[in-house]
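A.B. asks: Below is a structure I'd like to ask you about.
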Amino acid sequence: MTRRAETGLIIASALLAAIGVAIVEFTRGNWLNAQVALTFLAFAMSFGAMQFAITRWATGASSLLLPIASFLTSVGFIEIYRIDSDLAALQRWSLLIAAVSGAVLLWILRDSGCAVLRRYRYVILAIGVGFLLLPLLPDAWPIHGSTVNGSRLWVRIDVPGTSRVLSFQPGELAKVLITVFLASYLAERADAMSVVDRKIGPFKFPEPRHLGPVLIAAGAAFLVLIYQRDLGASLLLFGIFIGMLYIATGRSFYVMVGTVLAVIAAFAAYSAFDHVQRRIEAWIDPFGHYSDAGYQTVQGLFAMGSGALTGSGIGLGRPDLIPAATTDFIFAAVAEEMGLAGSLAVLAGFGLLVAAGFGVALRSRDRFRKYLAGGLTIVIGLQAIIILGGVLRLLPITGLTLPFMSYGGSSLLANMVIIALLLRVSHEERL
Amino acid sequence: MPALFFNIIKLLFLLLLFLFLWQVARSIRSHVGSNPGARTEGIAAELVILTGETETGRVRIRPQGHVIGRSPDADIRISDPYSSEFHARVGIQDGQVVVHDLGSTNGTYVNGRRVTSPTSVTRGDTVQIGKTILEVR
């Protein structure tokens with residue numbers, strides 16, 4: 001695809017968002033107003049800024065990633081706007097900030113490229129783990145963690161002199177940083193780790209010391225689970241690690257060990273924590289727990305069911321009845337108002353994005369960039385699978401945002417950083 | 001009447017969503033499956049030496065050709081234990097880059113296939129000598 005076609009698709013998805021907002025306003029009895037124009041401008045400027053950065057500092061970058069990302073963001077934004085217009089106004093600012101950050105990242109990497117990420121890998125790891133642990137800071141400090149819905153994921157910063165509070169989820173960026181570290185770590189160790197020549201019975205094993213990283217990953221994921229009570233993030237972290245090990249070594253042994261560890265951890269968590277127990281019970285029998293833990297799942301199912309094939313129409317359903325409809329359950333809101341057709345479009349969007357990301361990984365010549373692109377794609381794909389599975393009741397519900405679509409500045413920022421890194425990797429492959 | 005109107009708007013919007021995806025999918029089709037090396041046409045001009053994952057050298061192919069091998073007298077010297085002293089020759093014949101195996105012990109591979117007779121290569125092809133891979137660009 002040429003840059004011109006890319007520009008065309010970016011403008012098309014900005015128009016899509018604006019049309020969606022116009023339809024919402026129309027169902028409220030209003031005609032075109034400033035919101036429509038502001039939405040178009042915010043989308044065009046955000047993704048336009050990213051494309052400007054590409055044309056200046058990453059001319060060889062793949063032209064598939066930005067249009068798909070902007071498409072998903074548009075569809076999510078329409079539902080956010082429909083459910084809560086004030087949140088949508090904030091989301092527009094988040095989008096601008098996130099896109100500018102992505103453009104700045106491309107500028108920072110303009111000369112040295114991804115190699116600089118490899119050089120400072122331990123710094124990156126330290127920052128990533130620091131971000132992961134940041135929400136554990138005690139409540140009395142000026143920068144402190146905060147418990148929302150039983151999970152300790154948020155960090156709040158009291159701005160001195162005012163009563164204003166800045167809040168963000170550092171875990172969103174932490175997973176990107178940890179992926180960057182893993183890519184550079186595996187780029188050096190993969191050869192040794194892919195030797196599985198020790199036999200015990202019919203099974204082949206690698207040298208025991210190569211199992212260390214797997215155990216460390218499992219331990220870290222479990223710690224997140226215990227201290228932050230966040231099922232989704234720990235599952236995601238562990239999945240990223242096992243997925244990247246598989247990409248790097250091509251040995252299903254690591255996947256098997258990972259699965260076994262995950263199952264053991266799941267049983268342990270189930271018997272040790274009552275919040276996990278409640279989630280699982282609500283998953284198996286949501287209608288029996290309608291009045292408490294199953295309420296969200298059931299409301300989501302009702303919403304998707306009432307959406308049927310083509311949905312109620314934007315602005316004509318009641319997605320506001322679903323708890324967390326703008327964040328975790330945005331997919332249920334889309335399914336209600338745009339129906340099966342709209343939700344399949346979203347799924348196709350994610351499928352195309354993951355395909356484009358793995359395409360970048362396949363084309364890159366150097367191992368680090370290959371694993372980086374593969375790992376970042378896994379982050380987006382796995383996160384989408386975990387939360388979509390939860391909404392569709394294929395998996396127990398675990399709180400994660402749907403990439404690009406959910407409301408939330410931290411999430412949007414992390415996803416734009418991922419896109420910027422993928423763009424950079426695809427640029428270097430063509431040098 | 002308004003209900004019908006809203007239904008039409010709804011369907012039109014969904015149509016827009018799929019039109020967009022169609023456009024993206026169409027451009028992906030032209031991307032996927034094409035070998036990035038084969039896309040660029042024209043005469044190959046360079047040999048890029050890749051040892052393991054890192055690029056260690058770049059040589060412009062000269063008309064009289066290069067002998068590649070482990071010997072200090074080879075034109076392109078590679079320190080690869082699986083390479084023979086004089087392993088292979090890469091030269092230009094009739095405007096095409098041609099690879100000859102010089103009776104090496106472990107063989108010369110073009111795109112993974114062992115060569116038994118002089119083989120012409122184009123951009124994007126790989127030549128493997130021992131564990132060293134050379135890419136023609």
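In the structure tokens, chains take letters A, B, ... by order of appearance, with residues numbered from 1 within each chain and ligands from 1 in the order shown.
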Please, which residues of chain A lie no more than 10 Å from chain B when the count uses only C-alpha atoms, and can they be set out as a PyMOL selection string?
C.D. replies: chain A and resi 1-2+5-6+9+12-13+16+19-20+23+26-27+62-65+67-68+71+75+187+310-314+316+337-339+341-342+344-346+348-349+352+355-356+359+363+365-368+429-430
A.B. asks: List every residue of region 82-129 of chain B that DSSP, applied to the backbone of this structure, places in strand (DSSP E or B), and write the result as a PyMOL selection string.
C.D. replies: chain B and resi 88-93+96-101+108-110+113-114+119-121+126-129
A.B. asks: Emit the selected residues as a compact mmCIF listing (two decimals), in the first residue's frame, including N, CA and C atoms.
C.D. replies:
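Output file result-v1.txt follows:
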```
# COMPACT_ATOMS: atom_id res chain seq x y z
N ALA B 88 33.93 -21.76 -2.81
CA ALA B 88 33.02 -21.46 -3.92
C ALA B 88 33.49 -20.19 -4.61
N ARG B 89 32.97 -19.98 -5.81
CA ARG B 89 33.32 -18.78 -6.55
C ARG B 89 32.02 -18.09 -6.97
N VAL B 90 31.97 -16.79 -6.76
CA VAL B 90 30.81 -16.03 -7.19
C VAL B 90 31.29 -15.04 -8.25
N GLY B 91 30.75 -15.11 -9.43
CA GLY B 91 31.18 -14.22 -10.51
C GLY B 91 30.01 -13.76 -11.36
N ILE B 92 30.32 -12.95 -12.37
CA ILE B 92 29.27 -12.46 -13.25
C ILE B 92 29.47 -13.03 -14.64
N GLN B 93 28.44 -13.66 -15.18
CA GLN B 93 28.48 -14.22 -16.54
C GLN B 93 27.25 -13.74 -17.28
N GLN B 96 24.71 -11.94 -15.38
CA GLN B 96 24.03 -12.59 -14.26
C GLN B 96 25.06 -13.04 -13.23
N VAL B 97 24.65 -13.01 -11.96
CA VAL B 97 25.54 -13.47 -10.91
C VAL B 97 25.45 -15.00 -10.85
N VAL B 98 26.61 -15.65 -10.89
CA VAL B 98 26.62 -17.11 -10.95
C VAL B 98 27.47 -17.66 -9.81
N VAL B 99 26.98 -18.72 -9.16
CA VAL B 99 27.70 -19.36 -8.07
C VAL B 99 28.25 -20.70 -8.55
N HIS B 100 29.58 -20.92 -8.36
CA HIS B 100 30.19 -22.21 -8.66
C HIS B 100 30.66 -22.82 -7.34
N ASP B 101 30.43 -24.11 -7.17
CA ASP B 101 31.02 -24.79 -6.05
C ASP B 101 32.39 -25.30 -6.51
N THR B 108 27.92 -26.19 -1.23
CA THR B 108 27.42 -24.82 -1.28
C THR B 108 25.93 -24.92 -1.55
N TYR B 109 25.18 -24.12 -0.80
CA TYR B 109 23.73 -24.21 -0.92
C TYR B 109 23.16 -22.87 -1.40
N VAL B 110 22.32 -22.92 -2.45
CA VAL B 110 21.62 -21.72 -2.90
C VAL B 110 20.16 -21.88 -2.51
N ARG B 113 19.34 -25.29 -1.29
CA ARG B 113 19.53 -26.45 -2.15
C ARG B 113 21.00 -26.56 -2.56
N ARG B 114 21.55 -27.74 -2.43
CA ARG B 114 22.96 -27.91 -2.74
C ARG B 114 23.18 -27.76 -4.24
N THR B 119 25.27 -22.08 -10.83
CA THR B 119 23.87 -21.70 -10.64
C THR B 119 23.77 -20.18 -10.62
N SER B 120 22.84 -19.63 -11.38
CA SER B 120 22.70 -18.18 -11.36
C SER B 120 21.74 -17.77 -10.24
N VAL B 121 22.06 -16.65 -9.64
CA VAL B 121 21.25 -16.17 -8.52
C VAL B 121 20.81 -14.75 -8.80
N THR B 126 19.86 -16.58 -1.23
CA THR B 126 20.91 -16.76 -0.23
C THR B 126 21.86 -17.86 -0.69
N VAL B 127 23.13 -17.67 -0.35
CA VAL B 127 24.15 -18.66 -0.64
C VAL B 127 24.73 -19.08 0.70
N GLN B 128 24.68 -20.37 1.00
CA GLN B 128 25.18 -20.82 2.29
C GLN B 128 26.46 -21.61 2.11
N ILE B 129 27.47 -21.21 2.89
CA ILE B 129 28.77 -21.88 2.88
C ILE B 129 29.06 -22.23 4.32
```
A.B. asks: Hey, what's within 8 Å of region 408-417 of chain A if we count only C-alpha atoms and toss same-chain stuff fewer than 3 positions away? As a ChimeraX atom specification, please?
C.D. replies: /A:91,94-95,97-99,101-102,105,168-170,172-173,176,327,380,401,403-404,420-421
A.B. asks: Excluding Leu422 (chain A) and residues on its chain fewer than 4 positions from it, collect all residues at most 7 Å away from it, counting only C-alpha atoms, and give them as number ranges by chain.
C.D. replies: A: 357, 373, 418, 426
A.B. asks: Excluding same-chain residues fewer than 4 positions from region 59-71 of chain B, what lies within 8 Å of it counting only C-alpha atoms, as a PyMOL selection string?
C.D. replies: chain B and resi 45-48+75-81+83-93
A.B. asks: Now that the selection is made, can you save its residues with N, CA and C atoms as a PDB file, in the first residue's frame?
C.D. replies:
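The result, written out as selection.pdb:
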```
ATOM      1  N   ALA B  45      24.034  -6.703  -7.192  1.00  0.00           N
ATOM      2  CA  ALA B  45      25.303  -6.005  -7.216  1.00  0.00           C
ATOM      3  C   ALA B  45      26.153  -6.265  -5.983  1.00  0.00           C
ATOM      4  N   GLU B  46      25.552  -6.785  -4.927  1.00  0.00           N
ATOM      5  CA  GLU B  46      26.301  -6.893  -3.682  1.00  0.00           C
ATOM      6  C   GLU B  46      26.129  -8.259  -3.051  1.00  0.00           C
ATOM      7  N   LEU B  47      27.146  -8.664  -2.306  1.00  0.00           N
ATOM      8  CA  LEU B  47      27.043  -9.853  -1.472  1.00  0.00           C
ATOM      9  C   LEU B  47      27.082  -9.374  -0.027  1.00  0.00           C
ATOM     10  N   VAL B  48      26.087  -9.761   0.761  1.00  0.00           N
ATOM     11  CA  VAL B  48      26.082  -9.393   2.163  1.00  0.00           C
ATOM     12  C   VAL B  48      26.386 -10.645   2.969  1.00  0.00           C
ATOM     13  N   ASP B  75      39.542 -14.540  -1.957  1.00  0.00           N
ATOM     14  CA  ASP B  75      39.182 -13.121  -2.115  1.00  0.00           C
ATOM     15  C   ASP B  75      38.300 -12.670  -0.960  1.00  0.00           C
ATOM     16  N   ILE B  76      37.333 -13.516  -0.614  1.00  0.00           N
ATOM     17  CA  ILE B  76      36.504 -13.224   0.549  1.00  0.00           C
ATOM     18  C   ILE B  76      36.803 -14.304   1.570  1.00  0.00           C
ATOM     19  N   ARG B  77      37.438 -13.907   2.650  1.00  0.00           N
ATOM     20  CA  ARG B  77      37.868 -14.900   3.627  1.00  0.00           C
ATOM     21  C   ARG B  77      36.818 -15.003   4.717  1.00  0.00           C
ATOM     22  N   ILE B  78      36.348 -16.219   4.988  1.00  0.00           N
ATOM     23  CA  ILE B  78      35.394 -16.387   6.082  1.00  0.00           C
ATOM     24  C   ILE B  78      35.987 -17.372   7.067  1.00  0.00           C
ATOM     25  N   SER B  79      35.924 -17.049   8.337  1.00  0.00           N
ATOM     26  CA  SER B  79      36.475 -17.956   9.350  1.00  0.00           C
ATOM     27  C   SER B  79      35.348 -18.847   9.836  1.00  0.00           C
ATOM     28  N   ASP B  80      35.039 -19.826   8.999  1.00  0.00           N
ATOM     29  CA  ASP B  80      33.936 -20.734   9.328  1.00  0.00           C
ATOM     30  C   ASP B  80      34.517 -22.138   9.296  1.00  0.00           C
ATOM     31  N   PRO B  81      34.478 -22.871  10.397  1.00  0.00           N
ATOM     32  CA  PRO B  81      35.116 -24.200  10.446  1.00  0.00           C
ATOM     33  C   PRO B  81      34.516 -25.188   9.455  1.00  0.00           C
ATOM     34  N   SER B  83      33.741 -24.449   6.391  1.00  0.00           N
ATOM     35  CA  SER B  83      34.043 -24.032   5.027  1.00  0.00           C
ATOM     36  C   SER B  83      35.348 -24.688   4.574  1.00  0.00           C
ATOM     37  N   SER B  84      35.472 -24.934   3.261  1.00  0.00           N
ATOM     38  CA  SER B  84      36.732 -25.435   2.721  1.00  0.00           C
ATOM     39  C   SER B  84      37.672 -24.256   2.477  1.00  0.00           C
ATOM     40  N   GLU B  85      38.959 -24.569   2.211  1.00  0.00           N
ATOM     41  CA  GLU B  85      39.954 -23.502   1.979  1.00  0.00           C
ATOM     42  C   GLU B  85      39.509 -22.611   0.817  1.00  0.00           C
ATOM     43  N   PHE B  86      39.222 -23.241  -0.328  1.00  0.00           N
ATOM     44  CA  PHE B  86      38.629 -22.518  -1.455  1.00  0.00           C
ATOM     45  C   PHE B  86      37.280 -23.178  -1.724  1.00  0.00           C
ATOM     46  N   HIS B  87      36.231 -22.531  -1.278  1.00  0.00           N
ATOM     47  CA  HIS B  87      34.951 -23.211  -1.173  1.00  0.00           C
ATOM     48  C   HIS B  87      34.077 -23.007  -2.413  1.00  0.00           C
ATOM     49  N   ALA B  88      33.931 -21.762  -2.814  1.00  0.00           N
ATOM     50  CA  ALA B  88      33.023 -21.459  -3.918  1.00  0.00           C
ATOM     51  C   ALA B  88      33.489 -20.192  -4.614  1.00  0.00           C
ATOM     52  N   ARG B  89      32.971 -19.985  -5.811  1.00  0.00           N
ATOM     53  CA  ARG B  89      33.317 -18.778  -6.554  1.00  0.00           C
ATOM     54  C   ARG B  89      32.021 -18.089  -6.971  1.00  0.00           C
ATOM     55  N   VAL B  90      31.972 -16.794  -6.756  1.00  0.00           N
ATOM     56  CA  VAL B  90      30.813 -16.028  -7.194  1.00  0.00           C
ATOM     57  C   VAL B  90      31.290 -15.043  -8.250  1.00  0.00           C
ATOM     58  N   GLY B  91      30.748 -15.108  -9.435  1.00  0.00           N
ATOM     59  CA  GLY B  91      31.176 -14.218 -10.507  1.00  0.00           C
ATOM     60  C   GLY B  91      30.014 -13.762 -11.357  1.00  0.00           C
ATOM     61  N   ILE B  92      30.322 -12.950 -12.374  1.00  0.00           N
ATOM     62  CA  ILE B  92      29.268 -12.455 -13.254  1.00  0.00           C
ATOM     63  C   ILE B  92      29.474 -13.034 -14.643  1.00  0.00           C
ATOM     64  N   GLN B  93      28.439 -13.663 -15.183  1.00  0.00           N
ATOM     65  CA  GLN B  93      28.481 -14.216 -16.544  1.00  0.00           C
ATOM     66  C   GLN B  93      27.252 -13.736 -17.283  1.00  0.00           C
TER      67      GLN B  93
END
```
A.B. asks: Excluding Gly294 (chain A) and any residue of its chain fewer than 6 positions from it, enumerate the residues within 8 Å of it, using only C-alpha atoms, and give them as a short mmCIF file (atom, residue, chain, number, x, y, z; two decimals) with N, CA and C atoms, in the first residue's frame.
C.D. replies:
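Below is the file part-v2.cif, written as the result:
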```
data_model
loop_
_atom_site.label_atom_id
_atom_site.label_comp_id
_atom_site.auth_asym_id
_atom_site.auth_seq_id
_atom_site.Cartn_x
_atom_site.Cartn_y
_atom_site.Cartn_z
N ARG A 279 -15.07 -15.33 40.85
CA ARG A 279 -15.02 -15.14 39.39
C ARG A 279 -15.31 -16.44 38.66
N ALA A 282 -18.91 -17.43 38.96
CA ALA A 282 -19.74 -16.58 38.12
C ALA A 282 -19.57 -16.91 36.65
N TRP A 283 -18.42 -17.50 36.34
CA TRP A 283 -18.19 -17.88 34.94
C TRP A 283 -18.98 -19.14 34.60
N ASP A 285 -21.59 -20.45 36.22
CA ASP A 285 -23.04 -20.27 36.34
C ASP A 285 -23.37 -18.80 36.57
N PRO A 286 -23.27 -17.97 35.52
CA PRO A 286 -23.48 -16.52 35.72
C PRO A 286 -24.92 -16.20 36.14
N PHE A 287 -25.89 -16.97 35.60
CA PHE A 287 -27.28 -16.63 35.91
C PHE A 287 -27.62 -16.94 37.36
N GLY A 288 -26.92 -17.94 37.93
CA GLY A 288 -27.12 -18.24 39.33
C GLY A 288 -26.53 -17.18 40.24
#
```
